[in-house]
Amino acid sequence: MNNVTTAPKVLVIVPAFNEEKNLPALLDRLLKLNRTVVVVNDCSGDSTVDCARAMGVPVLDLPANLGIGGAVQTGFKYAVANNFDIAVQIDGDGQHDPAWIDTVILPLIQGKVDCAIGSRYVPDAPDRDYRTPLARRIGMRFSTAILEFATGLRIHDTTSGFRALNRPAFEFFSQSYPVDHPEAEALLVLHRKGFRIQEVPIKMLGRMHGSSLFNLTRSALYPLRVIVGFVGIIFAGKTK
Amino acid sequence: MSSHISPAIFGFALLFLVFAYTIHLVRSGRISAHLAVTWIATELLLMLVMGISSLRSFTRTVLGDEGAPYSLILLGVLWVIFLMLESLSRISLLTGKLKSLTQEHALLKERVERMERSRSQEPNA
């Protein structure tokens with residue numbers, strides 16, 4: 001894998017779906033930190049696009065809702081087309097503090113890994129202030145266990161949307177990304193392709209407005225989806 | 001005799017309704033003719049079997065008197081599964097294409113907007 005040595009071009013990808021209330025504060029914070037940002041509007045029904053444009057942030061305005069995976073992959077394609085070295089994905093709901101970006105991309109700049117995950121649950125430095133709903137916690141424990149079973153890789157925060165990838169990794173994802181349920185599946189795909197993954201301890205903020213897409217029903221179905229997704233990837237890997 | 005014909009007529013009528021609905025979906029553009037053609041062929045074949053008594057007799061002879069209903073149901077279910085798998089594979093293919101187009105549209109739109117902005121910022125614009 002290529003190591004990024006000096007002054008990497010970093011793109012922050014913000015997938016957003018109906019985030020008109022959360023987006024302005026997040027973008028304001030990112031712009032104050034002089035970050036290059038692109039918002040991927042996943043066919044929102046509110047004024048998400050106007051919020052971003054009003055702040056001078058480029059918007060990739062999807063005409064149909066593709067879900068978080070399709071939105072993030074669009075960001076990766078944008079990063080490839082505009083020759084970025086590192087792509088950082090952070091959620092549009094404002095739960096990810098942009099101040100942690102430097103910490104998350106550091107292992108990539110040092111050439112130690114290809115994908116860094118901002119994690120709340122690293123055993124050495126867990127985020128004790130962040131309260132994870134029980135249903136989500138159960139779903140995550142399950143996906144951690146099944147990912148470890150399938151790869152031997154132990155990732156504690158498989159659903160974290162705070163991720164950084166170097167160019168080979170996001171170039172690969174721009175071509176092939178598990179768009180349906182990307183959280184844990186993307187890690188499995190990366191591992192199978194030989195990319196190096198590492199968790200970086202961070203702290204997350206509480207959601208200011210709106211509710212998480214990871215509700216009780218989704219949490220209940222999450223283990224099944226993870227199994228189906230993993231089986232699909234493992235079988236597809238042999239034919240592709 | 002009539003007690004044997006009535007279910008056939010009933011079945012034929014039901015199949016005809018499904019056939020008419022399929023044609024309606026194709027005519028109204030809600031299903032592509034290419035996607036519907038195997039379903040239409042299946043419905044026509046079933047209507048033929050239902051409508052022509054010699055074909056029904058032939059089917060019964062081939063499958064045997066006792067096991068005919070079960071064999072027919074099994075064959076029907078297997079064929080429907082095959083058709084559904086074929087449809088799903090086409091839908092999956094089209095979903096992938098639609099995703100690529102949607103993403104490409106968003107990327108090109110942003111590029112056009114950026115070019116327009118830079119053009120409007122030129123001094124002689």
# chains A, B, ... in the order shown; residues from 1 in each chain; ligands from 1

call {"tool": "interface_residues", "arguments": {"of": "chain B", "to": "chain A", "cutoff": "6 Å", "atoms": "only C-alpha atoms", "output": "ChimeraX atom specification"}}
result
/B:103,106-107,110

call {"tool": "residues_around", "arguments": {"residues": "Leu108 in chain A", "least_positions_apart": "4", "cutoff": "10 Å", "atoms": "only C-alpha atoms", "output": "VMD selection string"}}
result
chain A and resid 2 to 5 8 85 to 86 103 to 104 112 to 116 164 to 167 196 to 198

call {"tool": "closest_atom_pairs", "arguments": {"of": "range 67-95 of chain B", "to": "range 15-34 of chain B", "cutoff": "12 Å", "atoms": "only C-alpha atoms", "output": "CSV"}}
result
residue,atom,partner,partner_atom,distance
B:Glu86,CA,B:His34,CA,11.7
B:Ser87,CA,B:His34,CA,10.4
B:Arg90,CA,B:His34,CA,10.3
B:Ile91,CA,B:Ser32,CA,11.4

call {"tool": "closest_residue", "arguments": {"among": "A:Tyr222, A:Glu183, A:Glu20, A:Lys193", "to": "Phe142 in chain A", "atoms": "only C-alpha atoms"}}
result
A:Tyr222

call {"tool": "residues_around", "arguments": {"residues": "Met47 in chain B", "least_positions_apart": "2", "cutoff": "8 Å", "atoms": "only C-alpha atoms", "output": "PyMOL selection string"}}
result
chain B and resi 12+15-16+43-45+49-51

call {"tool": "write_last_selection", "arguments": {"atoms": "C-alpha atoms", "output": "tab-separated table (two decimals), in the first residue's frame"}}
result
chain	number	residue	atom	x	y	z
B	12	PHE	CA	-58.81	-20.88	-16.85
B	15	LEU	CA	-55.37	-17.50	-15.28
B	16	PHE	CA	-56.97	-15.28	-17.88
B	43	GLU	CA	-49.46	-18.01	-18.18
B	44	LEU	CA	-50.24	-18.91	-21.81
B	45	LEU	CA	-48.93	-22.43	-21.31
B	49	VAL	CA	-53.28	-26.88	-20.35
B	50	MET	CA	-56.39	-25.67	-18.53
B	51	GLY	CA	-58.36	-24.96	-21.71

call {"tool": "residues_around", "arguments": {"residues": "Ser119 in chain A", "least_positions_apart": "6", "cutoff": "7 Å", "atoms": "only C-alpha atoms", "output": "list in words"}}
result
Asp157, Ser160, Glu199, Val200, Pro201 and Ile202 of chain A

call {"tool": "select_by_dssp", "arguments": {"residues": "range 35-220 of chain A", "states": "strand (DSSP E or B)", "output": "number ranges by chain"}}
result
A: 36-41, 59-61, 86-89, 96, 115-119, 163-166, 197-201, 204

call {"tool": "atom_distance", "arguments": {"atom1": "CA of Ser89 in chain B", "atom2": "CA of Thr38 in chain B"}}
result
13.9 Å

call {"tool": "residues_around", "arguments": {"residues": "range 231-233 of chain A", "least_positions_apart": "6", "cutoff": "10 Å", "atoms": "only C-alpha atoms", "output": "PyMOL selection string"}}
result
chain A and resi 150+178+185-186+188-189+192+225

call {"tool": "write_last_selection", "arguments": {"atoms": "N, CA and C atoms", "output": "PDB file, in the first residue's frame"}}
result
ATOM      1  N   ALA A 150     -15.074 -14.449  11.483  1.00  0.00           N
ATOM      2  CA  ALA A 150     -14.805 -14.568  10.044  1.00  0.00           C
ATOM      3  C   ALA A 150     -13.379 -14.182   9.675  1.00  0.00           C
ATOM      4  N   PRO A 178     -19.968  -2.338  -0.158  1.00  0.00           N
ATOM      5  CA  PRO A 178     -21.204  -3.023   0.259  1.00  0.00           C
ATOM      6  C   PRO A 178     -22.256  -2.009   0.700  1.00  0.00           C
ATOM      7  N   GLU A 185     -19.771  -4.907   7.096  1.00  0.00           N
ATOM      8  CA  GLU A 185     -19.415  -5.576   5.842  1.00  0.00           C
ATOM      9  C   GLU A 185     -18.201  -4.923   5.177  1.00  0.00           C
ATOM     10  N   ALA A 186     -18.149  -3.596   5.258  1.00  0.00           N
ATOM     11  CA  ALA A 186     -17.019  -2.881   4.648  1.00  0.00           C
ATOM     12  C   ALA A 186     -15.697  -3.330   5.283  1.00  0.00           C
ATOM     13  N   LEU A 188     -15.103  -6.280   6.649  1.00  0.00           N
ATOM     14  CA  LEU A 188     -14.814  -7.634   6.166  1.00  0.00           C
ATOM     15  C   LEU A 188     -14.195  -7.571   4.775  1.00  0.00           C
ATOM     16  N   VAL A 189     -14.778  -6.752   3.900  1.00  0.00           N
ATOM     17  CA  VAL A 189     -14.271  -6.628   2.522  1.00  0.00           C
ATOM     18  C   VAL A 189     -12.829  -6.117   2.541  1.00  0.00           C
ATOM     19  N   ARG A 192     -10.434  -8.805   3.750  1.00  0.00           N
ATOM     20  CA  ARG A 192     -10.236  -9.866   2.756  1.00  0.00           C
ATOM     21  C   ARG A 192      -9.355  -9.406   1.599  1.00  0.00           C
ATOM     22  N   ARG A 225     -28.951  -9.401   9.314  1.00  0.00           N
ATOM     23  CA  ARG A 225     -28.415  -8.703   8.145  1.00  0.00           C
ATOM     24  C   ARG A 225     -26.903  -8.873   8.048  1.00  0.00           C
TER      25      ARG A 225
END
